[in-house]
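Asks: Pasting in a structure now, in structure tokens, and then I'll have a few things to ask.
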Amino acid sequence: MSTEPREAPVIRVLIADDEPMIRAGVRAVLATDPGIGVVAEAGDGRGAVDLAQRHRPEVAVLDIRMPGTDGIAAAAEIRRTLPGTGVVMLTTFGEDDYILRALRGGAQGFLIKSGEPEELIAGVRAVAEGAAHLSPKVAARVITHLAAARPAPGPAAGRVAALTPREREVLALLGAGVSNRGIARRLGLVEGTVKGHVSSILSRLGVPNRAAAAVVAHEAEIVPPRGT
């Protein structure tokens, strides 16, 4: 029997953007991580959906605005038909309404196109593990946008205060882009217990998914600094 360590499985990624240079840049950044492999590229949302159904990648990286079927509609269709495929949206400043729509459609990661290459790799890896990942700049803009739309559903700090202490701990790590497995390891829990806490958090906060919960965590300022 071989005693050689098994290689970690490669995260299979689909890229969709209507600009060839952006696709090439995303592909080049992801190629620097040997644990990530690009399996398909599309120039619009319809192509992204078709290729996702053909290749079944772990992560789809989609431009939020594309001609025809845009990234938001493509993300919703991919999440509906391929629940095992996570979605990372690429956005630019001034697309707050699009980000909110994508958030409601089930996208799990949001990155600014002008962000650091390391942020793209971190986002893909986080979403592949089932976590949510928000670029700090995206989180800040969404929080500002939501604050302008208040009073409903209420300040984040008050909503978070209604959670149990353990749920607040879980939410803080969820907001930092930590997967259920990582949260379990950090808090000394079993993964099934963490899943139960996450389900309770989503229900008590009245949000549809982890990404929306992550926004609440950022807004309530309970997300720990990176590297802690």
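Chains: A, B, ... in order of the structure tokens. Residues: from 1 per chain. Ligands: from 1, in order shown.
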Distance table requested - segment 74-148 of chain A against segment 182-194 of chain A, cut-off 12 Å, only C-alpha atoms: one row per qualifying residue with the closest atom pair and its distance in Å to one decimal, ordered by chain and rising residue number, as CSV.

Replies:
residue,atom,partner,partner_atom,distance
A:Ala126,CA,A:Gly182,CA,10.3
A:Glu129,CA,A:Gly182,CA,9.4
A:Gly130,CA,A:Gly182,CA,10.6
A:Ala131,CA,A:Gly182,CA,9.5

Asks: Atoms to include: N, CA, C and O atoms. Write the selected residues as a PDB file, in the first residue's frame.

Replies:
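Dumped everything to result18.pdb:
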ATOM      1  N   ALA A 126     -12.815  30.107  -0.411  1.00  0.00           N
ATOM      2  CA  ALA A 126     -13.837  30.185   0.631  1.00  0.00           C
ATOM      3  C   ALA A 126     -15.171  29.657   0.121  1.00  0.00           C
ATOM      4  O   ALA A 126     -15.831  28.845   0.787  1.00  0.00           O
ATOM      5  N   GLU A 129     -15.471  25.973  -0.252  1.00  0.00           N
ATOM      6  CA  GLU A 129     -15.654  25.280   1.021  1.00  0.00           C
ATOM      7  C   GLU A 129     -17.041  25.513   1.610  1.00  0.00           C
ATOM      8  O   GLU A 129     -17.332  25.051   2.714  1.00  0.00           O
ATOM      9  N   GLY A 130     -17.887  26.244   0.884  1.00  0.00           N
ATOM     10  CA  GLY A 130     -19.238  26.494   1.363  1.00  0.00           C
ATOM     11  C   GLY A 130     -19.387  27.732   2.203  1.00  0.00           C
ATOM     12  O   GLY A 130     -20.440  27.959   2.801  1.00  0.00           O
ATOM     13  N   ALA A 131     -18.336  28.555   2.267  1.00  0.00           N
ATOM     14  CA  ALA A 131     -18.395  29.777   3.071  1.00  0.00           C
ATOM     15  C   ALA A 131     -18.846  30.958   2.217  1.00  0.00           C
ATOM     16  O   ALA A 131     -18.924  30.868   0.987  1.00  0.00           O
TER      17      ALA A 131
END

Asks: Counting only C-alpha atoms, which of A:Ala212, A:Val61, A:Ile99, A:Ala31 gets nearest to Ala128 of chain A?

Replies: A:Val61

Asks: Hey, what does DSSP flag as alpha helix (DSSP H) within segment 56-170 of chain A? Can you give it to me as a VMD selection string?

Replies: chain A and resid 71 to 81 96 to 104 117 to 128 136 to 148 156 to 161 165 to 170

Asks: With distances taken over only C-alpha atoms, which of A:Val215, A:Val29, A:Ala162, A:Val223 is nearest to Leu100 of chain A?

Replies: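 Closest to Leu100 of chain A, using only C-alpha atoms: A:Val215.
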
Asks: To one decimal place, how far is atom CA of Val10 of chain A from atom CA of Arg79 of chain A in Å?

Replies: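 Going from atom CA of Val10 of chain A over to atom CA of Arg79 of chain A covers 20.7 Å.
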
Asks: Do a neighbour search on Gly71 of chain A at 8 Å with only C-alpha atoms, toss out local chain neighbours closer than 3 positions, and write the hits as an NGL selection string.

Replies: :A and (44-45 or 62-66 or 74-75 or 89)

Asks: Can you write just those residues out, C-alpha atoms, as a tab-separated table (two decimals), in the first residue's frame?

Replies:
chain	number	residue	atom	x	y	z
A	44	ASP	CA	-22.13	35.99	-21.36
A	45	GLY	CA	-24.54	34.68	-18.77
A	62	LEU	CA	-19.26	35.72	-12.92
A	63	ASP	CA	-19.17	39.34	-14.02
A	64	ILE	CA	-22.21	40.97	-12.47
A	65	ARG	CA	-23.15	42.83	-15.70
A	66	MET	CA	-23.03	41.08	-19.08
A	74	ALA	CA	-26.95	33.38	-14.51
A	75	ALA	CA	-26.05	33.08	-10.82
A	89	MET	CA	-19.61	37.81	-8.42

Asks: What gap, in Å, lies between atom CA of Arg210 of chain A and atom CA of Pro83 of chain A?

Replies: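 Going from atom CA of Arg210 of chain A over to atom CA of Pro83 of chain A, I get 13.9 Å.
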
Asks: Go through A:Ala28, A:Asp70, A:Ser203, A:Ala213 one by one, measure the shortest atom-to-atom distance of each to Glu118 of chain A using only C-alpha atoms, and give the residue with the smallest value.

Replies: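 Looking only at the distances to Glu118 of chain A, the closest residue turns out to be A:Ala28.
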
Asks: Which residue, A:Arg125, A:Val49, A:His133, A:Gly86, has the smallest gap to Phe110 of chain A when you use only C-alpha atoms?

Replies: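 That would be A:His133, the residue with the smallest distance to Phe110 of chain A.
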
Asks: With only C-alpha atoms as the basis for distance, which of A:Ala176, A:Leu120, A:Leu14, A:Val127 is at the shortest distance from Ala60 of chain A?

Replies: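 Closest residue, counting only C-alpha atoms: A:Leu14.
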
Asks: Calculated over only C-alpha atoms, which of the candidates A:Arg101, A:Lys137, A:His218, A:His197 has the smallest distance to Leu163 of chain A?

Replies: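 Using only C-alpha atoms, the shortest distance to Leu163 of chain A belongs to A:His197.
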
Asks: Measure the distance from atom CA of Val142 of chain A to atom CA of Asp96 of chain A in Å and round it to one decimal.

Replies: 6.4 Å

Asks: As a CSV table (one decimal) with all heavy atoms, in the first residue's frame, please: all residues of segment 98-219 of chain A that backbone DSSP puts in strand (DSSP E).

Replies:
chain,number,residue,atom,x,y,z
A,109,GLY,N,-20.1,34.9,-3.0
A,109,GLY,CA,-18.9,35.7,-2.9
A,109,GLY,C,-19.1,37.0,-3.7
A,109,GLY,O,-19.7,37.0,-4.8
A,110,PHE,N,-18.5,38.1,-3.3
A,110,PHE,CA,-18.5,39.4,-4.0
A,110,PHE,C,-17.1,40.0,-3.9
A,110,PHE,O,-16.6,40.2,-2.8
A,110,PHE,CB,-19.6,40.3,-3.4
A,110,PHE,CG,-21.0,39.8,-3.5
A,110,PHE,CD1,-21.5,38.9,-2.6
A,110,PHE,CD2,-21.8,40.2,-4.6
A,110,PHE,CE1,-22.8,38.5,-2.7
A,110,PHE,CE2,-23.1,39.8,-4.7
A,110,PHE,CZ,-23.6,38.9,-3.8
A,111,LEU,N,-16.6,40.3,-5.1
A,111,LEU,CA,-15.2,40.8,-5.2
A,111,LEU,C,-15.2,42.0,-6.1
A,111,LEU,O,-15.9,42.1,-7.1
A,111,LEU,CB,-14.2,39.8,-5.7
A,111,LEU,CG,-14.1,38.5,-4.9
A,111,LEU,CD1,-13.2,37.5,-5.7
A,111,LEU,CD2,-13.5,38.8,-3.5
A,112,ILE,N,-14.4,43.0,-5.8
A,112,ILE,CA,-14.2,44.2,-6.6
A,112,ILE,C,-13.1,43.8,-7.7
A,112,ILE,O,-12.1,43.2,-7.4
A,112,ILE,CB,-13.7,45.4,-5.8
A,112,ILE,CG1,-14.7,45.8,-4.8
A,112,ILE,CG2,-13.3,46.6,-6.7
A,112,ILE,CD1,-16.0,46.4,-5.4
A,133,HIS,N,-18.0,35.0,1.1
A,133,HIS,CA,-16.8,35.8,1.1
A,133,HIS,C,-17.2,37.2,0.5
A,133,HIS,O,-17.6,37.3,-0.6
A,133,HIS,CB,-15.7,35.2,0.2
A,133,HIS,CG,-14.4,35.9,0.3
A,133,HIS,ND1,-13.4,35.6,1.2
A,133,HIS,CD2,-13.9,37.0,-0.4
A,133,HIS,CE1,-12.4,36.4,1.1
A,133,HIS,NE2,-12.7,37.3,0.1
A,134,LEU,N,-17.0,38.2,1.3
A,134,LEU,CA,-17.3,39.6,0.9
A,134,LEU,C,-16.0,40.4,0.9
A,134,LEU,O,-15.3,40.5,1.9
A,134,LEU,CB,-18.3,40.2,1.8
A,134,LEU,CG,-19.7,39.6,1.9
A,134,LEU,CD1,-20.5,40.3,3.0
A,134,LEU,CD2,-20.4,39.7,0.6

Asks: With a distance cut-off of 10 Å and only C-alpha atoms, select the neighbouring residues of Val26 of chain A, excluding the residue or stretch itself and same-chain residues fewer than 3 positions from it, and output the selection as a PyMOL selection string.

Replies: chain A and resi 15-17+20-23+29-31+38+61+113+117+120-121

Asks: For the selection just defined, write its residues with all heavy atoms to a file, as a CSV table (one decimal), in the first residue's frame.

Replies:
chain,number,residue,atom,x,y,z
A,15,ILE,N,-15.2,30.7,-15.5
A,15,ILE,CA,-15.1,32.1,-15.5
A,15,ILE,C,-16.1,32.7,-16.6
A,15,ILE,O,-16.2,32.1,-17.7
A,15,ILE,CB,-13.7,32.6,-15.9
A,15,ILE,CG1,-12.7,32.1,-14.9
A,15,ILE,CG2,-13.6,34.1,-16.0
A,15,ILE,CD1,-11.3,32.3,-15.4
A,16,ALA,N,-16.8,33.7,-16.3
A,16,ALA,CA,-17.7,34.4,-17.3
A,16,ALA,C,-17.6,35.9,-17.2
A,16,ALA,O,-17.8,36.5,-16.1
A,16,ALA,CB,-19.2,33.9,-17.1
A,17,ASP,N,-17.2,36.5,-18.3
A,17,ASP,CA,-17.1,37.9,-18.4
A,17,ASP,C,-17.1,38.3,-19.9
A,17,ASP,O,-16.5,37.6,-20.7
A,17,ASP,CB,-15.8,38.4,-17.7
A,17,ASP,CG,-15.8,40.0,-17.5
A,17,ASP,OD1,-15.8,40.7,-18.5
A,17,ASP,OD2,-15.8,40.4,-16.3
A,20,PRO,N,-12.7,39.9,-22.9
A,20,PRO,CA,-11.7,38.8,-23.0
A,20,PRO,C,-10.5,39.1,-22.1
A,20,PRO,O,-9.9,38.2,-21.5
A,20,PRO,CB,-11.3,38.8,-24.5
A,20,PRO,CG,-12.5,39.3,-25.2
A,20,PRO,CD,-13.1,40.3,-24.3
A,21,MET,N,-10.1,40.4,-22.0
A,21,MET,CA,-9.0,40.7,-21.2
A,21,MET,C,-9.2,40.5,-19.7
A,21,MET,O,-8.3,40.1,-18.9
A,21,MET,CB,-8.5,42.2,-21.4
A,21,MET,CG,-7.9,42.5,-22.7
A,21,MET,SD,-7.3,44.2,-22.9
A,21,MET,CE,-5.9,44.1,-21.7
A,22,ILE,N,-10.4,40.7,-19.2
A,22,ILE,CA,-10.8,40.4,-17.8
A,22,ILE,C,-10.7,38.9,-17.6
A,22,ILE,O,-10.2,38.5,-16.6
A,22,ILE,CB,-12.2,41.0,-17.5
A,22,ILE,CG1,-12.2,42.5,-17.6
A,22,ILE,CG2,-12.6,40.5,-16.1
A,22,ILE,CD1,-11.3,43.2,-16.6
A,23,ARG,N,-11.3,38.2,-18.5
A,23,ARG,CA,-11.2,36.7,-18.4
A,23,ARG,C,-9.8,36.2,-18.3
A,23,ARG,O,-9.4,35.4,-17.5
A,23,ARG,CB,-12.0,36.0,-19.5
A,23,ARG,CG,-13.5,36.2,-19.6
A,23,ARG,CD,-14.2,35.2,-20.4
A,23,ARG,NE,-13.7,35.0,-21.7
A,23,ARG,CZ,-14.1,35.7,-22.8
A,23,ARG,NH1,-15.0,36.6,-22.6
A,23,ARG,NH2,-13.6,35.5,-24.0
A,29,VAL,N,-4.6,34.9,-12.7
A,29,VAL,CA,-4.5,35.0,-11.3
A,29,VAL,C,-4.7,33.6,-10.7
A,29,VAL,O,-4.0,33.1,-9.8
A,29,VAL,CB,-5.4,36.0,-10.7
A,29,VAL,CG1,-5.5,35.9,-9.2
A,29,VAL,CG2,-5.0,37.4,-11.1
A,30,LEU,N,-5.8,33.0,-11.1
A,30,LEU,CA,-6.2,31.7,-10.5
A,30,LEU,C,-5.1,30.6,-10.9
A,30,LEU,O,-4.9,29.7,-10.1
A,30,LEU,CB,-7.5,31.2,-11.1
A,30,LEU,CG,-8.7,32.1,-10.7
A,30,LEU,CD1,-10.0,31.5,-11.3
A,30,LEU,CD2,-8.8,32.1,-9.1
A,31,ALA,N,-4.4,30.8,-12.0
A,31,ALA,CA,-3.4,29.8,-12.4
A,31,ALA,C,-2.2,29.8,-11.4
A,31,ALA,O,-1.4,28.9,-11.4
A,31,ALA,CB,-2.9,30.1,-13.8
A,38,VAL,N,-9.1,26.3,-14.0
A,38,VAL,CA,-10.2,26.8,-14.8
A,38,VAL,C,-10.6,25.8,-15.9
A,38,VAL,O,-9.8,25.3,-16.7
A,38,VAL,CB,-9.8,28.1,-15.5
A,38,VAL,CG1,-10.9,28.6,-16.4
A,38,VAL,CG2,-9.4,29.2,-14.5
A,61,VAL,N,-17.2,32.0,-11.4
A,61,VAL,CA,-16.8,33.4,-11.2
A,61,VAL,C,-17.5,34.2,-12.3
A,61,VAL,O,-17.1,34.1,-13.5
A,61,VAL,CB,-15.3,33.6,-11.2
A,61,VAL,CG1,-14.9,35.1,-11.0
A,61,VAL,CG2,-14.6,32.8,-10.1
A,113,LYS,N,-13.4,44.2,-9.0
A,113,LYS,CA,-12.5,43.8,-10.1
A,113,LYS,C,-11.1,44.4,-9.9
A,113,LYS,O,-10.2,43.8,-10.3
A,113,LYS,CB,-13.1,44.3,-11.4
A,113,LYS,CG,-14.2,43.4,-11.9
A,113,LYS,CD,-14.6,43.8,-13.3
A,113,LYS,CE,-15.6,42.9,-13.9
A,113,LYS,NZ,-16.0,43.3,-15.3
A,117,PRO,N,-5.1,40.4,-6.3
A,117,PRO,CA,-5.2,39.1,-6.8
A,117,PRO,C,-5.4,38.0,-5.7
A,117,PRO,O,-6.2,37.1,-5.9
A,117,PRO,CB,-3.8,38.8,-7.5
A,117,PRO,CG,-3.4,40.2,-7.9
A,117,PRO,CD,-3.9,41.1,-6.8
A,120,LEU,N,-9.0,37.4,-4.9
A,120,LEU,CA,-9.7,36.5,-5.8
A,120,LEU,C,-9.5,35.0,-5.4
A,120,LEU,O,-10.5,34.3,-5.3
A,120,LEU,CB,-9.3,36.7,-7.2
A,120,LEU,CG,-9.8,35.8,-8.3
A,120,LEU,CD1,-11.3,35.9,-8.4
A,120,LEU,CD2,-9.2,36.1,-9.7
A,121,ILE,N,-8.3,34.7,-5.1
A,121,ILE,CA,-8.0,33.3,-4.8
A,121,ILE,C,-8.7,32.9,-3.4
A,121,ILE,O,-9.3,31.9,-3.3
A,121,ILE,CB,-6.5,33.1,-4.7
A,121,ILE,CG1,-5.9,33.2,-6.1
A,121,ILE,CG2,-6.1,31.7,-4.0
A,121,ILE,CD1,-4.3,33.2,-6.1
